[in-house]
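Novice: Please read through the structure below; I'll follow up with questions.
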Amino acid sequence: MKIDARLLIAASLLAVATPAAAAVSPAVGKALNAAAAAAKSRNAAGVAAAIGQARAAASTAEEREKTAQMAGFAFTAVGQYGQAAAALEQVGAPCNQLGPLYYRAGQMDKAVAIARKCPGEASQIMVAQAMTRQGNHKAAIAAYNALIKSNGPKAIYLENLSGAQFKAGDKAGYLATTTRLIKSDPSPSRWKVLLTEMQGQNMRSEAKLALYHLMFTTNTLSRASDYQDFARLALLAGQAAVAKAALDKAGGGTDAMSQKLAAAATSAVSKEAGEAVKLSASPATAFKGGNAYLGLNDYGKAIAAYDKAIAAKGLDVDYARVFKGIAATRAGQKAAAIATFKTVEAKSGMKDIADLWSLYASTR
C-alpha cells in the first residue's frame with residue numbers, strides 16, 4: 001500500500017529561514033548574498049559555488065554559523081536536502097528541522113536516528129514512513145502501533161498499519177486492523193482497498209467466486225475483465241443468474257468473450273430453476289443445487305441445499321459453508337451468517353474469504 005500523501009512531511013516544515021543579516025566580512029557577506037540569489041533562482045550550481053566561497057572566507061564562529069544557516073536555506077531551496085541537513089547539523093539545528101531534511105534526502109537511517117530523539121507526532125510519523133520506504137514492514141508495524149497508541153486510531157494510521165501487516169504476511173493483524181477500519185466506515189472505497197489487495201492473492205476458484213460476490217455486493221468491481229471473470233466462474237459453478245447480473249452490470253461488451261459469456265448465461269438462466277430442483281435432491285450434488293438457488297435469489301432453498309451438502313461431509317463442505325453464509329447474509333440472517341462463516345476451516349483455502357464475508361455481515 002502506498003504511503004498516503006497526508007502523511008508526507010510538508011515542504012513548508014522543511015524550509016529553513018533565511019539567516020538574519022549580521023556583521024560579517026565583505027567577502028563572506030558577498031558570498032552569502034550570492035547564495036541567496038542563486039537559491040531564489042533555483043540555481044543549484046550557483047548555490048554550491050557561493051556556499052563554498054563563504055566557507056572559505058569565514059574566519060570567525062559567527063561567520064561560520066551564518067554560512068551554515070545560509071547553506072541550510074539555500075540547499076533546501078534547490079532540493080539538496082542532504083547538504084542542507086549536514087550544514088545545519090554542524091551548528092546544532094533542532095531535531096525537528098534535521099529529521100525531515102534527512103528524510104527528504106533519502107538518508108533513512110539518519111532520519112530515524114534523529115526522529116527517535118525528537119518528541120512529537122510528526123517524528124513518529126517519520127519513523128513509520130522511513131521503515132515502510134526501507135521495506136522493513138515488521139518495524140513499520142511496530143512504529144504505526146506506537147503512533148496509534150500515542151495519538152489515537154486515526155484512519156490514515158490504521159490504513160498504513162494494515163498495509164504493513166499485509167506486506168509482512170501478518171494475516172491476523174491485517175484482518176483485525178481492517179475490521180476496525182470497516183466497522184467505522186463500511187464505504188465502498190474502504191472495501192475496495194481491502195478486496196483489491198485480497199484479489200491479488202492466489203486462491204481456489206470457489207474462493208475467488210466468493211470474493212467476486214463480495215466485491216459485487218460492496219460495489220467495488222470496476223474493471224470489465226473482473227466482471228468477465230466473475231461471470232465465467234459463476235457459470236462454472238452453476239450460478240447462471242449471477243453471471244447474467246454481472247454482465248448486465250458491466251454494460252455488456254462487443255468483444256468475443258463478452259458475447260460468448262452473455263449467450264451462455266442467457267441460455268443457462270432459462271434452465272436454472274429446473275436444475276436447482278434436480279441437483280438439490282441428492283446430497284452428492286446439493287452444493288451445485290444450492291448454487292443454482294443462490295443465483296435465483298431463492299435464499300431459503302439455497303441454505304437448505306447447502307445444509308444437505310454440509311451434512312454429507314463431502315469435498316465441498318467448506319465451499320458449501322461459505323456460500324450458505326452468503327445466502328444467509330443476503331437473506332438478512334446476520335447472526336446465522338456469521339455463525340456459519342466461523343465454521344469454515346483454514347485448510348480448505350476458504351477461511352480468508354469467509355472472514356471477510358463475516359466482517360461484511362457484521363456491518364449490516
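By convention in this document, the chains of the C-alpha cells carry letters A, B, ... by their order, each chain's residues are numbered from 1, and ligands are numbered from 1 in the order they are shown.
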Identify all residues of segment 161-342 of chain A in helix (DSSP H, G or I) (DSSP on the backbone) and supply them as number ranges by chain.
Specialist: A: 161-168, 171-184, 188-199, 205-217, 224-236, 240-250, 256-280, 286-295, 299-312, 317-330, 334-342
Novice: When you look at segment 72-76 of chain A with a cut-off of 6 Å (counting only C-alpha atoms), what residues show up, excluding the ones that are within fewer than 2 positions of it in the same chain? I need them as a list in words.
Specialist: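 Selected residues are Val16, Thr18, Ala39, Gln69, Met70, Val78, Gly79, Gln80, Tyr81, Ala84 and Leu88 of chain A.
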Novice: Measuring atom to atom with only C-alpha atoms, identify which of A:Arg364, A:Lys183, A:Lys110, A:Arg104 is nearest to Gln333 of chain A.
Specialist: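 Using only C-alpha atoms, Gln333 of chain A sits closest to A:Arg364.
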Novice: Taking only C-alpha atoms into account, produce a table as JSON lines in which each residue of segment 242-326 of chain A with an atom at most 12 Å from an atom of segment 208-221 of chain A appears once, together with its shortest atom pair and the distance in Å to one decimal, ordered by chain and rising number.
Specialist:
```
{"residue": "A:Val242", "atom": "CA", "partner": "A:His213", "partner_atom": "CA", "distance": 8.8}
{"residue": "A:Ala243", "atom": "CA", "partner": "A:His213", "partner_atom": "CA", "distance": 10.4}
{"residue": "A:Ala245", "atom": "CA", "partner": "A:Phe216", "partner_atom": "CA", "distance": 9.8}
{"residue": "A:Ala246", "atom": "CA", "partner": "A:Phe216", "partner_atom": "CA", "distance": 7.8}
{"residue": "A:Leu247", "atom": "CA", "partner": "A:Phe216", "partner_atom": "CA", "distance": 11.3}
{"residue": "A:Lys249", "atom": "CA", "partner": "A:Phe216", "partner_atom": "CA", "distance": 9.4}
{"residue": "A:Ala250", "atom": "CA", "partner": "A:Leu221", "partner_atom": "CA", "distance": 9.1}
{"residue": "A:Asn291", "atom": "CA", "partner": "A:Leu209", "partner_atom": "CA", "distance": 11.2}
{"residue": "A:Leu294", "atom": "CA", "partner": "A:His213", "partner_atom": "CA", "distance": 11.0}
{"residue": "A:Gly295", "atom": "CA", "partner": "A:His213", "partner_atom": "CA", "distance": 10.9}
{"residue": "A:Asp318", "atom": "CA", "partner": "A:Ala210", "partner_atom": "CA", "distance": 11.9}
{"residue": "A:Tyr319", "atom": "CA", "partner": "A:Ala210", "partner_atom": "CA", "distance": 9.1}
{"residue": "A:Ala320", "atom": "CA", "partner": "A:Ala210", "partner_atom": "CA", "distance": 10.9}
{"residue": "A:Arg321", "atom": "CA", "partner": "A:Ala210", "partner_atom": "CA", "distance": 11.2}
{"residue": "A:Val322", "atom": "CA", "partner": "A:Ala210", "partner_atom": "CA", "distance": 7.6}
{"residue": "A:Phe323", "atom": "CA", "partner": "A:Ala210", "partner_atom": "CA", "distance": 7.3}
{"residue": "A:Lys324", "atom": "CA", "partner": "A:Ala210", "partner_atom": "CA", "distance": 10.9}
{"residue": "A:Gly325", "atom": "CA", "partner": "A:Ala210", "partner_atom": "CA", "distance": 10.4}
{"residue": "A:Ile326", "atom": "CA", "partner": "A:Ala210", "partner_atom": "CA", "distance": 8.2}
```
Novice: Put those residues in a file: N, CA and C atoms, as a compact mmCIF listing (two decimals), in the first residue's frame.
Specialist:
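Below is the file that was written, out.txt:
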```
# COMPACT_ATOMS: atom_id res chain seq x y z
N VAL A 242 -26.41 -15.25 -11.60
CA VAL A 242 -25.36 -14.39 -11.07
C VAL A 242 -24.48 -13.89 -12.21
N ALA A 243 -24.12 -14.81 -13.11
CA ALA A 243 -23.29 -14.44 -14.26
C ALA A 243 -23.98 -13.39 -15.12
N ALA A 245 -26.28 -11.26 -14.18
CA ALA A 245 -26.36 -10.00 -13.44
C ALA A 245 -25.03 -9.25 -13.51
N ALA A 246 -23.93 -10.00 -13.44
CA ALA A 246 -22.61 -9.38 -13.51
C ALA A 246 -22.38 -8.76 -14.88
N LEU A 247 -22.73 -9.50 -15.92
CA LEU A 247 -22.54 -9.00 -17.28
C LEU A 247 -23.45 -7.81 -17.56
N LYS A 249 -24.51 -5.68 -15.32
CA LYS A 249 -23.97 -4.55 -14.56
C LYS A 249 -22.79 -3.92 -15.30
N ALA A 250 -22.00 -4.77 -15.99
CA ALA A 250 -20.85 -4.28 -16.73
C ALA A 250 -21.26 -3.55 -18.00
N ASN A 291 -26.04 -23.57 -5.26
CA ASN A 291 -25.53 -22.50 -6.14
C ASN A 291 -26.60 -22.01 -7.10
N LEU A 294 -29.02 -19.95 -5.20
CA LEU A 294 -28.39 -18.67 -4.87
C LEU A 294 -28.48 -17.72 -6.06
N GLY A 295 -28.21 -18.26 -7.25
CA GLY A 295 -28.31 -17.44 -8.45
C GLY A 295 -29.71 -16.94 -8.69
N ASP A 318 -16.69 -27.11 3.02
CA ASP A 318 -16.37 -25.73 3.37
C ASP A 318 -16.79 -24.74 2.30
N TYR A 319 -16.80 -25.19 1.05
CA TYR A 319 -17.34 -24.33 -0.01
C TYR A 319 -18.82 -24.08 0.28
N ALA A 320 -19.52 -25.15 0.66
CA ALA A 320 -20.95 -25.02 0.96
C ALA A 320 -21.18 -24.10 2.15
N ARG A 321 -20.30 -24.18 3.15
CA ARG A 321 -20.45 -23.32 4.32
C ARG A 321 -20.32 -21.84 3.94
N VAL A 322 -19.33 -21.54 3.09
CA VAL A 322 -19.15 -20.14 2.68
C VAL A 322 -20.37 -19.64 1.93
N PHE A 323 -20.83 -20.42 0.95
CA PHE A 323 -21.95 -19.95 0.14
C PHE A 323 -23.26 -19.99 0.91
N LYS A 324 -23.36 -20.88 1.88
CA LYS A 324 -24.52 -20.84 2.78
C LYS A 324 -24.51 -19.52 3.56
N GLY A 325 -23.33 -19.13 4.04
CA GLY A 325 -23.21 -17.88 4.76
C GLY A 325 -23.57 -16.69 3.89
N ILE A 326 -23.16 -16.75 2.60
CA ILE A 326 -23.51 -15.67 1.67
C ILE A 326 -25.03 -15.59 1.50
```
Novice: Give me the residues near Leu315 of chain A as a short mmCIF file (atom, residue, chain, number, x, y, z; two decimals) with N, CA, C and O atoms, in the first residue's frame, where near means some atom within 12 Å (using only C-alpha atoms) and where sequence neighbours in that chain fewer than 3 positions away do not count.
Specialist:
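Okay, this is what ended up in part_9.cif:
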```
data_model
loop_
_atom_site.label_atom_id
_atom_site.label_comp_id
_atom_site.auth_asym_id
_atom_site.auth_seq_id
_atom_site.Cartn_x
_atom_site.Cartn_y
_atom_site.Cartn_z
N PRO A 283 -27.63 -35.49 -1.97
CA PRO A 283 -26.53 -34.91 -1.19
C PRO A 283 -25.25 -34.74 -2.03
O PRO A 283 -24.48 -33.81 -1.79
N ALA A 284 -25.05 -35.62 -3.00
CA ALA A 284 -23.84 -35.58 -3.81
C ALA A 284 -23.78 -34.35 -4.70
O ALA A 284 -22.69 -33.87 -5.07
N THR A 285 -24.94 -33.82 -5.07
CA THR A 285 -24.98 -32.64 -5.96
C THR A 285 -25.67 -31.44 -5.32
O THR A 285 -25.93 -30.44 -5.97
N ALA A 286 -25.95 -31.56 -4.02
CA ALA A 286 -26.69 -30.50 -3.32
C ALA A 286 -25.94 -29.16 -3.33
O ALA A 286 -26.56 -28.09 -3.35
N PHE A 287 -24.60 -29.21 -3.31
CA PHE A 287 -23.83 -27.97 -3.34
C PHE A 287 -24.14 -27.20 -4.62
O PHE A 287 -24.39 -25.98 -4.59
N ALA A 309 -25.56 -30.54 1.64
CA ALA A 309 -24.19 -30.81 1.20
C ALA A 309 -23.24 -30.87 2.39
O ALA A 309 -22.33 -31.71 2.44
N ILE A 310 -23.45 -29.99 3.36
CA ILE A 310 -22.60 -29.97 4.55
C ILE A 310 -22.79 -31.25 5.36
O ILE A 310 -21.82 -31.84 5.84
N ALA A 311 -24.01 -31.69 5.49
CA ALA A 311 -24.30 -32.91 6.25
C ALA A 311 -23.67 -34.13 5.60
O ALA A 311 -23.28 -35.09 6.27
N ALA A 312 -23.54 -34.09 4.27
CA ALA A 312 -22.95 -35.22 3.55
C ALA A 312 -21.45 -35.31 3.77
O ALA A 312 -20.84 -36.36 3.49
N ASP A 318 -16.69 -27.11 3.02
CA ASP A 318 -16.37 -25.73 3.37
C ASP A 318 -16.79 -24.74 2.30
O ASP A 318 -17.10 -23.59 2.60
N TYR A 319 -16.80 -25.19 1.05
CA TYR A 319 -17.34 -24.33 -0.01
C TYR A 319 -18.82 -24.08 0.28
O TYR A 319 -19.31 -22.95 0.16
N ALA A 320 -19.52 -25.15 0.66
CA ALA A 320 -20.95 -25.02 0.96
C ALA A 320 -21.18 -24.10 2.15
O ALA A 320 -22.14 -23.32 2.17
N ARG A 321 -20.30 -24.18 3.15
CA ARG A 321 -20.45 -23.32 4.32
C ARG A 321 -20.32 -21.84 3.94
O ARG A 321 -21.09 -20.99 4.40
N SER A 348 -9.14 -25.58 4.11
CA SER A 348 -9.92 -25.66 2.87
C SER A 348 -9.55 -24.57 1.87
O SER A 348 -9.93 -24.64 0.71
#
```
Novice: Distance atom CA of Ser358 of chain A-atom CA of Phe341 of chain A, one decimal place?
Specialist: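 These atoms are spaced 6.0 Å apart.
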Novice: Considering only C-alpha atoms, return as a short mmCIF file (atom, residue, chain, number, x, y, z; two decimals) with N, CA and C atoms, in the first residue's frame whatever protein or nucleic-acid residues lie within 9 Å of Ala264 of chain A, sequence-local ones (same chain, fewer than 5 positions apart) excluded.
Specialist:
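Result saved to around.cif:
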```
data_model
loop_
_atom_site.label_atom_id
_atom_site.label_comp_id
_atom_site.auth_asym_id
_atom_site.auth_seq_id
_atom_site.Cartn_x
_atom_site.Cartn_y
_atom_site.Cartn_z
N LEU A 235 -20.74 -19.11 -13.94
CA LEU A 235 -21.29 -20.10 -14.86
C LEU A 235 -20.75 -21.49 -14.56
N ALA A 240 -25.94 -19.29 -13.00
CA ALA A 240 -26.15 -18.61 -14.27
C ALA A 240 -26.75 -17.21 -14.09
N LYS A 244 -25.26 -13.58 -15.34
CA LYS A 244 -26.00 -12.63 -16.17
C LYS A 244 -26.07 -11.25 -15.49
N GLN A 259 -19.54 -11.50 -25.55
CA GLN A 259 -20.67 -12.03 -26.30
C GLN A 259 -20.88 -13.52 -25.99
N VAL A 269 -29.74 -19.52 -17.77
CA VAL A 269 -30.74 -18.97 -16.85
C VAL A 269 -32.10 -19.61 -17.07
#
```
